[in-house]
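One file, structure-v1.txt, is given below (compact mmCIF, C-alpha atoms).
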```
# COMPACT_ATOMS: atom_id res chain seq x y z
CA MET A 40 12.15 58.78 39.26
CA ILE A 41 12.61 55.08 40.10
CA PHE A 42 11.77 54.00 43.65
CA LEU A 43 13.60 50.90 44.87
CA LYS A 44 12.28 48.49 47.44
CA LYS A 45 14.02 48.54 50.82
CA GLY A 46 16.01 45.36 50.11
CA GLN A 47 17.17 46.71 46.75
CA GLN A 48 18.10 50.03 48.38
CA THR A 49 20.22 48.18 50.94
CA LYS A 50 21.91 46.14 48.22
CA GLU A 51 22.67 49.27 46.16
CA ARG A 52 24.06 51.03 49.25
CA ILE A 53 26.37 48.08 49.95
CA ILE A 54 27.58 48.11 46.33
CA ASN A 55 28.19 51.87 46.34
CA VAL A 56 30.07 51.86 49.66
CA ALA A 57 32.11 48.79 48.69
CA ARG A 58 32.96 50.36 45.33
CA THR A 59 34.39 53.47 47.00
CA LEU A 60 36.39 51.42 49.52
CA PHE A 61 37.71 49.00 46.89
CA ALA A 62 38.72 51.94 44.68
CA THR A 63 40.54 53.81 47.46
CA LYS A 64 41.99 50.99 49.58
CA GLY A 65 42.06 48.00 47.25
CA PHE A 66 40.11 44.75 47.43
CA ASP A 67 42.44 42.84 49.76
CA MET A 68 42.79 45.74 52.21
CA THR A 69 39.03 46.23 52.53
CA ARG A 70 37.30 44.02 55.09
CA THR A 71 33.63 43.09 54.84
CA ASN A 72 32.99 44.23 58.42
CA GLU A 73 34.32 47.66 57.38
CA ILE A 74 31.84 47.76 54.49
CA ALA A 75 29.02 46.67 56.79
CA SER A 76 29.88 49.32 59.37
CA ALA A 77 29.96 52.07 56.73
CA CYS A 78 26.52 50.90 55.51
CA ASN A 79 25.06 50.60 59.04
CA VAL A 80 24.19 46.95 58.44
CA SER A 81 25.47 43.69 59.87
CA GLU A 82 28.14 41.67 58.08
CA ALA A 83 25.54 38.91 57.69
CA THR A 84 23.41 41.32 55.67
CA ILE A 85 26.17 41.61 53.08
CA TYR A 86 26.17 37.83 52.66
CA LYS A 87 22.40 37.87 52.32
CA TYR A 88 22.86 39.69 49.02
CA PHE A 89 26.27 38.42 47.91
CA ASP A 90 27.66 34.89 48.07
CA SER A 91 31.19 36.11 48.77
CA LYS A 92 33.38 39.20 48.96
CA LYS A 93 34.46 38.49 45.38
CA ASP A 94 30.82 38.34 44.28
CA LEU A 95 30.42 41.81 45.80
CA LEU A 96 33.56 42.98 44.00
CA LEU A 97 32.16 41.83 40.65
CA ALA A 98 28.96 43.76 41.39
CA THR A 99 30.92 46.98 41.93
CA ILE A 100 32.77 47.09 38.64
CA THR A 101 30.05 47.41 36.02
CA PRO A 102 30.14 50.98 34.67
CA ASN A 103 26.94 52.95 34.35
CA GLU A 104 26.23 52.97 30.64
CA LYS A 105 24.57 55.73 28.66
CA GLU A 106 22.85 54.95 25.42
CA GLU A 107 25.08 55.87 22.52
CA SER A 108 23.76 56.97 19.17
CA GLU A 109 24.37 54.35 16.52
CA ASP A 110 23.72 56.80 13.68
CA GLY A 111 26.31 58.39 11.44
CA THR A 112 29.40 56.51 12.61
CA SER A 113 30.26 55.14 9.18
CA HIS A 114 29.94 58.61 7.63
CA LEU A 115 32.60 60.23 9.86
CA SER A 116 36.07 60.85 8.53
CA THR A 117 38.69 58.57 10.07
CA ASP A 118 40.17 61.44 12.09
CA ASP A 119 36.76 62.47 13.45
CA LEU A 120 35.80 58.85 14.15
CA VAL A 121 38.89 58.14 16.28
CA GLU A 122 38.78 61.52 18.04
CA ASN A 123 35.11 60.92 18.84
CA HIS A 124 35.94 57.46 20.18
CA VAL A 125 38.71 58.74 22.47
CA SER A 126 36.56 61.61 23.79
CA THR A 127 33.65 59.25 24.45
CA MET A 128 35.95 56.81 26.25
CA ILE A 129 37.46 59.55 28.43
CA LYS A 130 33.99 60.77 29.46
CA LYS A 131 32.89 57.21 30.25
CA ILE A 132 36.01 56.60 32.38
CA LEU A 133 35.55 59.85 34.31
CA GLU A 134 31.87 59.13 34.93
CA ASN A 135 32.81 55.66 36.24
CA LYS A 136 36.23 56.38 37.73
CA GLU A 137 35.85 54.11 40.75
CA GLN A 138 34.74 51.17 38.61
CA PHE A 139 37.64 51.59 36.19
CA SER A 140 40.13 52.11 39.03
CA ILE A 141 39.05 48.79 40.56
CA LEU A 142 39.09 47.02 37.20
CA PHE A 143 42.52 48.36 36.32
CA ARG A 144 44.06 47.52 39.72
CA GLU A 145 42.51 44.12 40.40
CA THR A 146 42.63 42.61 36.91
CA GLN A 147 46.28 41.60 37.38
CA PHE A 148 45.36 39.41 40.36
CA ASP A 149 42.20 37.65 39.19
CA GLN A 150 41.18 36.02 35.88
CA ASP A 151 37.47 36.71 36.43
CA ILE A 152 38.22 40.38 36.95
CA SER A 153 40.50 40.32 33.92
CA LYS A 154 37.72 38.84 31.78
CA GLN A 155 35.23 41.42 33.03
CA TYR A 156 37.77 44.16 32.35
CA VAL A 157 38.00 43.11 28.70
CA ASP A 158 34.19 42.82 28.54
CA GLN A 159 33.81 46.35 29.93
CA ILE A 160 36.26 47.99 27.55
CA PHE A 161 35.14 46.13 24.45
CA ARG A 162 31.39 45.94 24.24
CA PRO A 163 31.08 46.09 20.47
CA ASN A 164 29.04 49.04 19.27
CA ALA A 165 28.83 50.79 15.92
CA ARG A 166 31.89 52.94 16.67
CA HIS A 167 34.09 49.97 17.68
CA ILE A 168 33.00 47.97 14.66
CA GLU A 169 33.69 50.85 12.28
CA ILE A 170 37.14 51.50 13.77
CA GLN A 171 38.04 47.81 13.58
CA LYS A 172 36.83 47.69 9.97
CA ARG A 173 39.12 50.59 9.08
CA ILE A 174 42.03 48.97 10.95
CA ASP A 175 41.49 45.74 9.00
CA SER A 176 41.31 47.61 5.68
CA GLY A 177 44.56 49.47 6.41
CA GLU A 178 42.86 52.86 6.50
CA ILE A 179 43.88 53.22 10.17
CA GLN A 180 47.51 52.19 10.59
CA TYR A 181 48.40 53.82 13.93
CA ILE A 182 46.06 51.54 15.92
CA SER A 183 46.88 47.84 15.73
CA ASP A 184 44.25 46.59 18.18
CA ILE A 185 41.15 48.39 19.45
CA ILE A 186 41.26 46.62 22.85
CA LEU A 187 44.87 47.64 23.51
CA PHE A 188 44.04 51.16 22.35
CA ASN A 189 41.17 51.30 24.85
CA VAL A 190 43.46 50.02 27.64
CA GLY A 191 45.86 52.83 26.81
CA ILE A 192 43.07 55.42 26.98
CA ILE A 193 41.96 54.05 30.36
CA SER A 194 45.43 54.01 31.92
CA PHE A 195 46.28 57.49 30.58
CA THR A 196 42.99 59.00 31.81
CA LEU A 197 43.20 57.40 35.26
CA ALA A 198 46.83 58.48 35.70
CA LEU A 199 46.10 62.05 34.59
CA SER A 200 43.00 62.31 36.79
CA THR A 201 44.78 60.89 39.85
CA HIS A 202 47.78 63.18 39.34
CA TYR A 203 45.52 66.23 39.13
CA GLU A 204 43.63 65.26 42.30
CA ILE A 205 46.83 64.70 44.27
CA HIS A 206 48.95 67.62 43.09
CA GLN A 207 46.57 70.42 42.16
CA GLN A 208 44.67 72.56 44.65
CA LYS A 209 42.55 74.34 42.07
CA LYS A 210 38.79 74.16 42.52
CA GLU A 211 37.77 74.32 38.89
CA PRO A 212 37.31 71.00 37.06
CA TYR A 213 40.30 69.81 35.07
CA PHE A 214 38.44 67.79 32.45
CA THR A 215 36.55 70.49 30.60
CA SER A 216 35.11 69.66 27.18
CA GLU A 217 37.97 71.60 25.52
CA ARG A 218 40.60 69.73 27.54
CA ILE A 219 39.01 66.36 26.74
CA LYS A 220 39.18 67.31 23.05
CA SER A 221 42.86 68.30 23.35
CA ILE A 222 43.67 65.07 25.23
CA ALA A 223 41.90 63.07 22.52
CA GLN A 224 43.99 64.82 19.86
CA LEU A 225 47.18 64.16 21.86
CA LEU A 226 46.38 60.45 22.11
CA VAL A 227 45.51 60.21 18.42
CA TYR A 228 48.13 62.46 16.83
CA GLY A 229 50.93 62.65 19.42
CA ILE A 230 52.80 65.75 20.56
CA HIS A 231 53.14 67.11 17.01
CA GLY A 232 49.37 67.38 16.76
CA LYS A 233 47.11 66.87 13.79
CA GLN A 234 48.93 67.44 10.53
CA LYS A 235 47.23 69.37 7.77
CA HIS A 236 47.34 67.64 4.43
CA THR A 237 47.93 69.82 1.40
```
Go ahead and render the structure in this file as structure tokens.
Amino acid sequence: MIFLKKGQQTKERIINVARTLFATKGFDMTRTNEIASACNVSEATIYKYFDSKKDLLLATITPNEKEESEDGTSHLSTDDLVENHVSTMIKKILENKEQFSILFRETQFDQDISKQYVDQIFRPNARHIEIQKRIDSGEIQYISDIILFNVGIISFTLALSTHYEIHQQKKEPYFTSERIKSIAQLLVYGIHGKQKHT
């Protein structure tokens, strides 16, 4: 367990509260005195840790990353590689839904946010590199650009998650591992599903 110093705890609390407010209300509609009140600190305390409201916004949008295994990516079949990529992306988005909601909403208004959005969705790892290599070689023809593909996964996942939260009253989680797999197959193969080659 990591113990943070009091100042770091305060900073993290401000980031977490601001993230929730930015995700639910939007950046422009959230006032710094509202964030301060929710954190039980003064507005001046926010500016002790952040130079501006935008600086605070940038601090809220970095997803929590889990270490991904770099092994075996090049040995996967193309179908398994892309399915694995989509499933991994969906899980990452759901684990960082507030961050991605802010990124997706605010990127259209601010170039810095737009740049960070691209940085967040395309941090090259072994899986990205392998997919791009297969796109370039012509082995994957249904994806023209890995960044645009990732944007599509993000927008689809956020829309589906938001729709479920608004319209469904069921208590059980929607995004089970089986459903994530079926969504990945839908995004990769379309409504006709994966075709068996004879």
Please provide as a PDB file with C-alpha atoms, in the frame of the given file all residues within 12 Å of Glu82 in chain A, with the sequence filter that same-chain residues fewer than 2 positions apart are discarded (counting only C-alpha atoms).
```
ATOM      1  CA  ILE A  53      26.370  48.080  49.950  1.00  0.00           C
ATOM      2  CA  ARG A  70      37.300  44.020  55.090  1.00  0.00           C
ATOM      3  CA  THR A  71      33.630  43.090  54.840  1.00  0.00           C
ATOM      4  CA  ASN A  72      32.990  44.230  58.420  1.00  0.00           C
ATOM      5  CA  GLU A  73      34.320  47.660  57.380  1.00  0.00           C
ATOM      6  CA  ILE A  74      31.840  47.760  54.490  1.00  0.00           C
ATOM      7  CA  ALA A  75      29.020  46.670  56.790  1.00  0.00           C
ATOM      8  CA  SER A  76      29.880  49.320  59.370  1.00  0.00           C
ATOM      9  CA  ALA A  77      29.960  52.070  56.730  1.00  0.00           C
ATOM     10  CA  CYS A  78      26.520  50.900  55.510  1.00  0.00           C
ATOM     11  CA  ASN A  79      25.060  50.600  59.040  1.00  0.00           C
ATOM     12  CA  VAL A  80      24.190  46.950  58.440  1.00  0.00           C
ATOM     13  CA  THR A  84      23.410  41.320  55.670  1.00  0.00           C
ATOM     14  CA  ILE A  85      26.170  41.610  53.080  1.00  0.00           C
ATOM     15  CA  TYR A  86      26.170  37.830  52.660  1.00  0.00           C
ATOM     16  CA  LYS A  87      22.400  37.870  52.320  1.00  0.00           C
ATOM     17  CA  TYR A  88      22.860  39.690  49.020  1.00  0.00           C
ATOM     18  CA  PHE A  89      26.270  38.420  47.910  1.00  0.00           C
ATOM     19  CA  SER A  91      31.190  36.110  48.770  1.00  0.00           C
ATOM     20  CA  LYS A  92      33.380  39.200  48.960  1.00  0.00           C
TER      21      LYS A  92
END
```
One decimal, Å: what's the distance from CA of His124 in chain A over to CA of Arg166 in chain A, could you say?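 According to the coordinates, CA of His124 in chain A and CA of Arg166 in chain A are separated by 7.0 Å.
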Mind running range 211-232 of chain A against range 175-194 of chain A at 9 Å and telling me each contacting residue's nearest atom pair with the distance in Å (one decimal), counting all atoms listed in the file, chain and number ascending, as CSV?
```
residue,atom,partner,partner_atom,distance
A:Ala223,CA,A:Ile192,CA,8.9
A:Leu226,CA,A:Ile192,CA,7.7
A:Val227,CA,A:Tyr181,CA,8.3
```
Would you be able to write out as a ChimeraX atom specification which residues have an atom within 12 Å of (37.5, 67.5, 23.4) in the file's coordinates, counting only C-alpha atoms? /A:119,121-130,214-227
Go through A:His114, A:Lys45, A:Lys64, A:Lys50 one by one, measure the shortest atom-to-atom distance of each to Ala165 in chain A using all atoms listed in the file, and give the residue with the smallest value.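 Looking only at the distances to Ala165 in chain A, the closest residue turns out to be A:His114.
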Kindly give the distance, in Å, that separates CA of Leu142 in chain A and CA of Arg52 in chain A, rounded to a single decimal.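 Straight-line distance from CA of Leu142 in chain A to CA of Arg52 in chain A works out to 19.7 Å.
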Length of the CA of Lys136 in chain A to CA of Ala83 in chain A vector [Å]: 28.6 Å
Expected axis-aligned box over every listed atom of range 79-89 of chain A, 4 Å added per side, centre plus edges in Å to one decimal, as lines of an AutoDock Vina configuration file:
```
center_x = 25.3
center_y = 44.2
center_z = 53.9
size_x = 13.7
size_y = 20.8
size_z = 20.0
```
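For the set A:His167, A:Arg144, A:Lys172, A:Lys131, the residue with the smallest atom-to-atom gap to Thr63 in chain A is A:Arg144, counting only C-alpha atoms.
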Which residue gives the smallest distance to Arg162 in chain A among A:Ser140, A:Ser116, A:Thr201, A:Thr101, with all atoms listed in the file counted?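 Smallest separation from Arg162 in chain A among the options: A:Thr101.
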Serialized range 119-133 of chain A w/ all heavy atoms as an mmCIF file, in the first residue's frame:
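Everything below was put into decode-v3.cif:
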```cif
data_model
loop_
_atom_site.group_PDB
_atom_site.id
_atom_site.type_symbol
_atom_site.label_atom_id
_atom_site.label_comp_id
_atom_site.auth_asym_id
_atom_site.auth_seq_id
_atom_site.Cartn_x
_atom_site.Cartn_y
_atom_site.Cartn_z
ATOM 1 N N ASP A 119 -7.410 -13.047 -34.068
ATOM 2 C CA ASP A 119 -7.214 -13.023 -32.615
ATOM 3 C C ASP A 119 -6.538 -11.730 -32.168
ATOM 4 O O ASP A 119 -6.869 -11.172 -31.117
ATOM 5 C CB ASP A 119 -6.383 -14.223 -32.160
ATOM 6 C CG ASP A 119 -7.158 -15.532 -32.238
ATOM 7 O OD1 ASP A 119 -8.402 -15.475 -32.344
ATOM 8 O OD2 ASP A 119 -6.519 -16.598 -32.211
ATOM 9 N N LEU A 120 -5.589 -11.253 -32.970
ATOM 10 C CA LEU A 120 -4.876 -10.020 -32.641
ATOM 11 C C LEU A 120 -5.837 -8.834 -32.564
ATOM 12 O O LEU A 120 -5.826 -8.065 -31.592
ATOM 13 C CB LEU A 120 -3.798 -9.745 -33.691
ATOM 14 C CG LEU A 120 -3.054 -8.402 -33.582
ATOM 15 C CD1 LEU A 120 -2.213 -8.359 -32.316
ATOM 16 C CD2 LEU A 120 -2.188 -8.176 -34.825
ATOM 17 N N VAL A 121 -6.696 -8.679 -33.572
ATOM 18 C CA VAL A 121 -7.610 -7.529 -33.602
ATOM 19 C C VAL A 121 -8.688 -7.670 -32.539
ATOM 20 O O VAL A 121 -9.036 -6.697 -31.865
ATOM 21 C CB VAL A 121 -8.218 -7.349 -35.012
ATOM 22 C CG1 VAL A 121 -9.197 -6.184 -35.023
ATOM 23 C CG2 VAL A 121 -7.113 -7.105 -36.037
ATOM 24 N N GLU A 122 -9.221 -8.889 -32.354
ATOM 25 C CA GLU A 122 -10.212 -9.112 -31.297
ATOM 26 C C GLU A 122 -9.612 -8.781 -29.932
ATOM 27 O O GLU A 122 -10.260 -8.145 -29.095
ATOM 28 C CB GLU A 122 -10.684 -10.564 -31.305
ATOM 29 C CG GLU A 122 -11.752 -10.873 -32.332
ATOM 30 C CD GLU A 122 -12.280 -12.290 -32.160
ATOM 31 O OE1 GLU A 122 -12.708 -12.628 -31.041
ATOM 32 O OE2 GLU A 122 -12.262 -13.045 -33.147
ATOM 33 N N ASN A 123 -8.388 -9.238 -29.705
ATOM 34 C CA ASN A 123 -7.700 -8.955 -28.445
ATOM 35 C C ASN A 123 -7.520 -7.450 -28.239
ATOM 36 O O ASN A 123 -7.719 -6.920 -27.143
ATOM 37 C CB ASN A 123 -6.343 -9.672 -28.431
ATOM 38 C CG ASN A 123 -5.504 -9.299 -27.218
ATOM 39 O OD1 ASN A 123 -4.737 -8.340 -27.262
ATOM 40 N ND2 ASN A 123 -5.655 -10.052 -26.154
ATOM 41 N N HIS A 124 -7.177 -6.750 -29.309
ATOM 42 C CA HIS A 124 -6.992 -5.302 -29.237
ATOM 43 C C HIS A 124 -8.291 -4.606 -28.856
ATOM 44 O O HIS A 124 -8.318 -3.749 -27.963
ATOM 45 C CB HIS A 124 -6.485 -4.760 -30.572
ATOM 46 C CG HIS A 124 -6.457 -3.265 -30.635
ATOM 47 N ND1 HIS A 124 -5.576 -2.507 -29.887
ATOM 48 C CD2 HIS A 124 -7.220 -2.387 -31.326
ATOM 49 C CE1 HIS A 124 -5.798 -1.219 -30.121
ATOM 50 N NE2 HIS A 124 -6.786 -1.119 -30.986
ATOM 51 N N VAL A 125 -9.383 -4.970 -29.516
ATOM 52 C CA VAL A 125 -10.675 -4.327 -29.231
ATOM 53 C C VAL A 125 -11.107 -4.612 -27.795
ATOM 54 O O VAL A 125 -11.522 -3.700 -27.068
ATOM 55 C CB VAL A 125 -11.754 -4.790 -30.233
ATOM 56 C CG1 VAL A 125 -13.116 -4.202 -29.852
ATOM 57 C CG2 VAL A 125 -11.394 -4.374 -31.651
ATOM 58 N N SER A 126 -10.991 -5.854 -27.351
ATOM 59 C CA SER A 126 -11.373 -6.209 -25.982
ATOM 60 C C SER A 126 -10.554 -5.446 -24.959
ATOM 61 O O SER A 126 -11.082 -4.936 -23.964
ATOM 62 C CB SER A 126 -11.208 -7.717 -25.756
ATOM 63 O OG SER A 126 -12.095 -8.451 -26.558
ATOM 64 N N THR A 127 -9.248 -5.349 -25.214
ATOM 65 C CA THR A 127 -8.359 -4.621 -24.306
ATOM 66 C C THR A 127 -8.726 -3.142 -24.257
ATOM 67 O O THR A 127 -8.756 -2.523 -23.180
ATOM 68 C CB THR A 127 -6.888 -4.787 -24.736
ATOM 69 O OG1 THR A 127 -6.565 -6.178 -24.743
ATOM 70 C CG2 THR A 127 -5.944 -4.065 -23.785
ATOM 71 N N MET A 128 -9.026 -2.559 -25.415
ATOM 72 C CA MET A 128 -9.435 -1.158 -25.475
ATOM 73 C C MET A 128 -10.737 -0.924 -24.714
ATOM 74 O O MET A 128 -10.863 0.038 -23.947
ATOM 75 C CB MET A 128 -9.610 -0.710 -26.931
ATOM 76 C CG MET A 128 -8.327 -0.389 -27.661
ATOM 77 S SD MET A 128 -7.561 1.163 -27.122
ATOM 78 C CE MET A 128 -8.831 2.363 -27.587
ATOM 79 N N ILE A 129 -11.723 -1.800 -24.897
ATOM 80 C CA ILE A 129 -13.006 -1.645 -24.216
ATOM 81 C C ILE A 129 -12.802 -1.670 -22.704
ATOM 82 O O ILE A 129 -13.348 -0.832 -21.964
ATOM 83 C CB ILE A 129 -14.006 -2.743 -24.648
ATOM 84 C CG1 ILE A 129 -14.430 -2.524 -26.098
ATOM 85 C CG2 ILE A 129 -15.238 -2.746 -23.738
ATOM 86 C CD1 ILE A 129 -15.250 -3.662 -26.692
ATOM 87 N N LYS A 130 -12.009 -2.620 -22.217
ATOM 88 C CA LYS A 130 -11.748 -2.716 -20.778
ATOM 89 C C LYS A 130 -11.054 -1.454 -20.264
ATOM 90 O O LYS A 130 -11.388 -0.931 -19.194
ATOM 91 C CB LYS A 130 -10.903 -3.957 -20.478
ATOM 92 C CG LYS A 130 -11.670 -5.256 -20.665
ATOM 93 C CD LYS A 130 -10.736 -6.457 -20.549
ATOM 94 C CE LYS A 130 -11.457 -7.737 -20.914
ATOM 95 N NZ LYS A 130 -10.550 -8.899 -20.991
ATOM 96 N N LYS A 131 -10.089 -0.947 -21.027
ATOM 97 C CA LYS A 131 -9.381 0.273 -20.633
ATOM 98 C C LYS A 131 -10.340 1.463 -20.560
ATOM 99 O O LYS A 131 -10.282 2.264 -19.629
ATOM 100 C CB LYS A 131 -8.261 0.558 -21.641
ATOM 101 C CG LYS A 131 -7.491 1.835 -21.364
ATOM 102 C CD LYS A 131 -6.398 2.032 -22.408
ATOM 103 C CE LYS A 131 -5.662 3.342 -22.206
ATOM 104 N NZ LYS A 131 -4.617 3.557 -23.208
ATOM 105 N N ILE A 132 -11.231 1.581 -21.545
ATOM 106 C CA ILE A 132 -12.186 2.682 -21.573
ATOM 107 C C ILE A 132 -13.126 2.603 -20.370
ATOM 108 O O ILE A 132 -13.391 3.609 -19.705
ATOM 109 C CB ILE A 132 -12.985 2.673 -22.895
ATOM 110 C CG1 ILE A 132 -12.059 2.953 -24.081
ATOM 111 C CG2 ILE A 132 -14.123 3.700 -22.869
ATOM 112 C CD1 ILE A 132 -12.596 2.461 -25.419
ATOM 113 N N LEU A 133 -13.632 1.406 -20.082
ATOM 114 C CA LEU A 133 -14.561 1.236 -18.966
ATOM 115 C C LEU A 133 -13.898 1.503 -17.626
ATOM 116 O O LEU A 133 -14.512 2.056 -16.708
ATOM 117 C CB LEU A 133 -15.154 -0.180 -18.988
ATOM 118 C CG LEU A 133 -16.060 -0.494 -20.184
ATOM 119 C CD1 LEU A 133 -16.429 -1.967 -20.194
ATOM 120 C CD2 LEU A 133 -17.301 0.385 -20.179
#
```
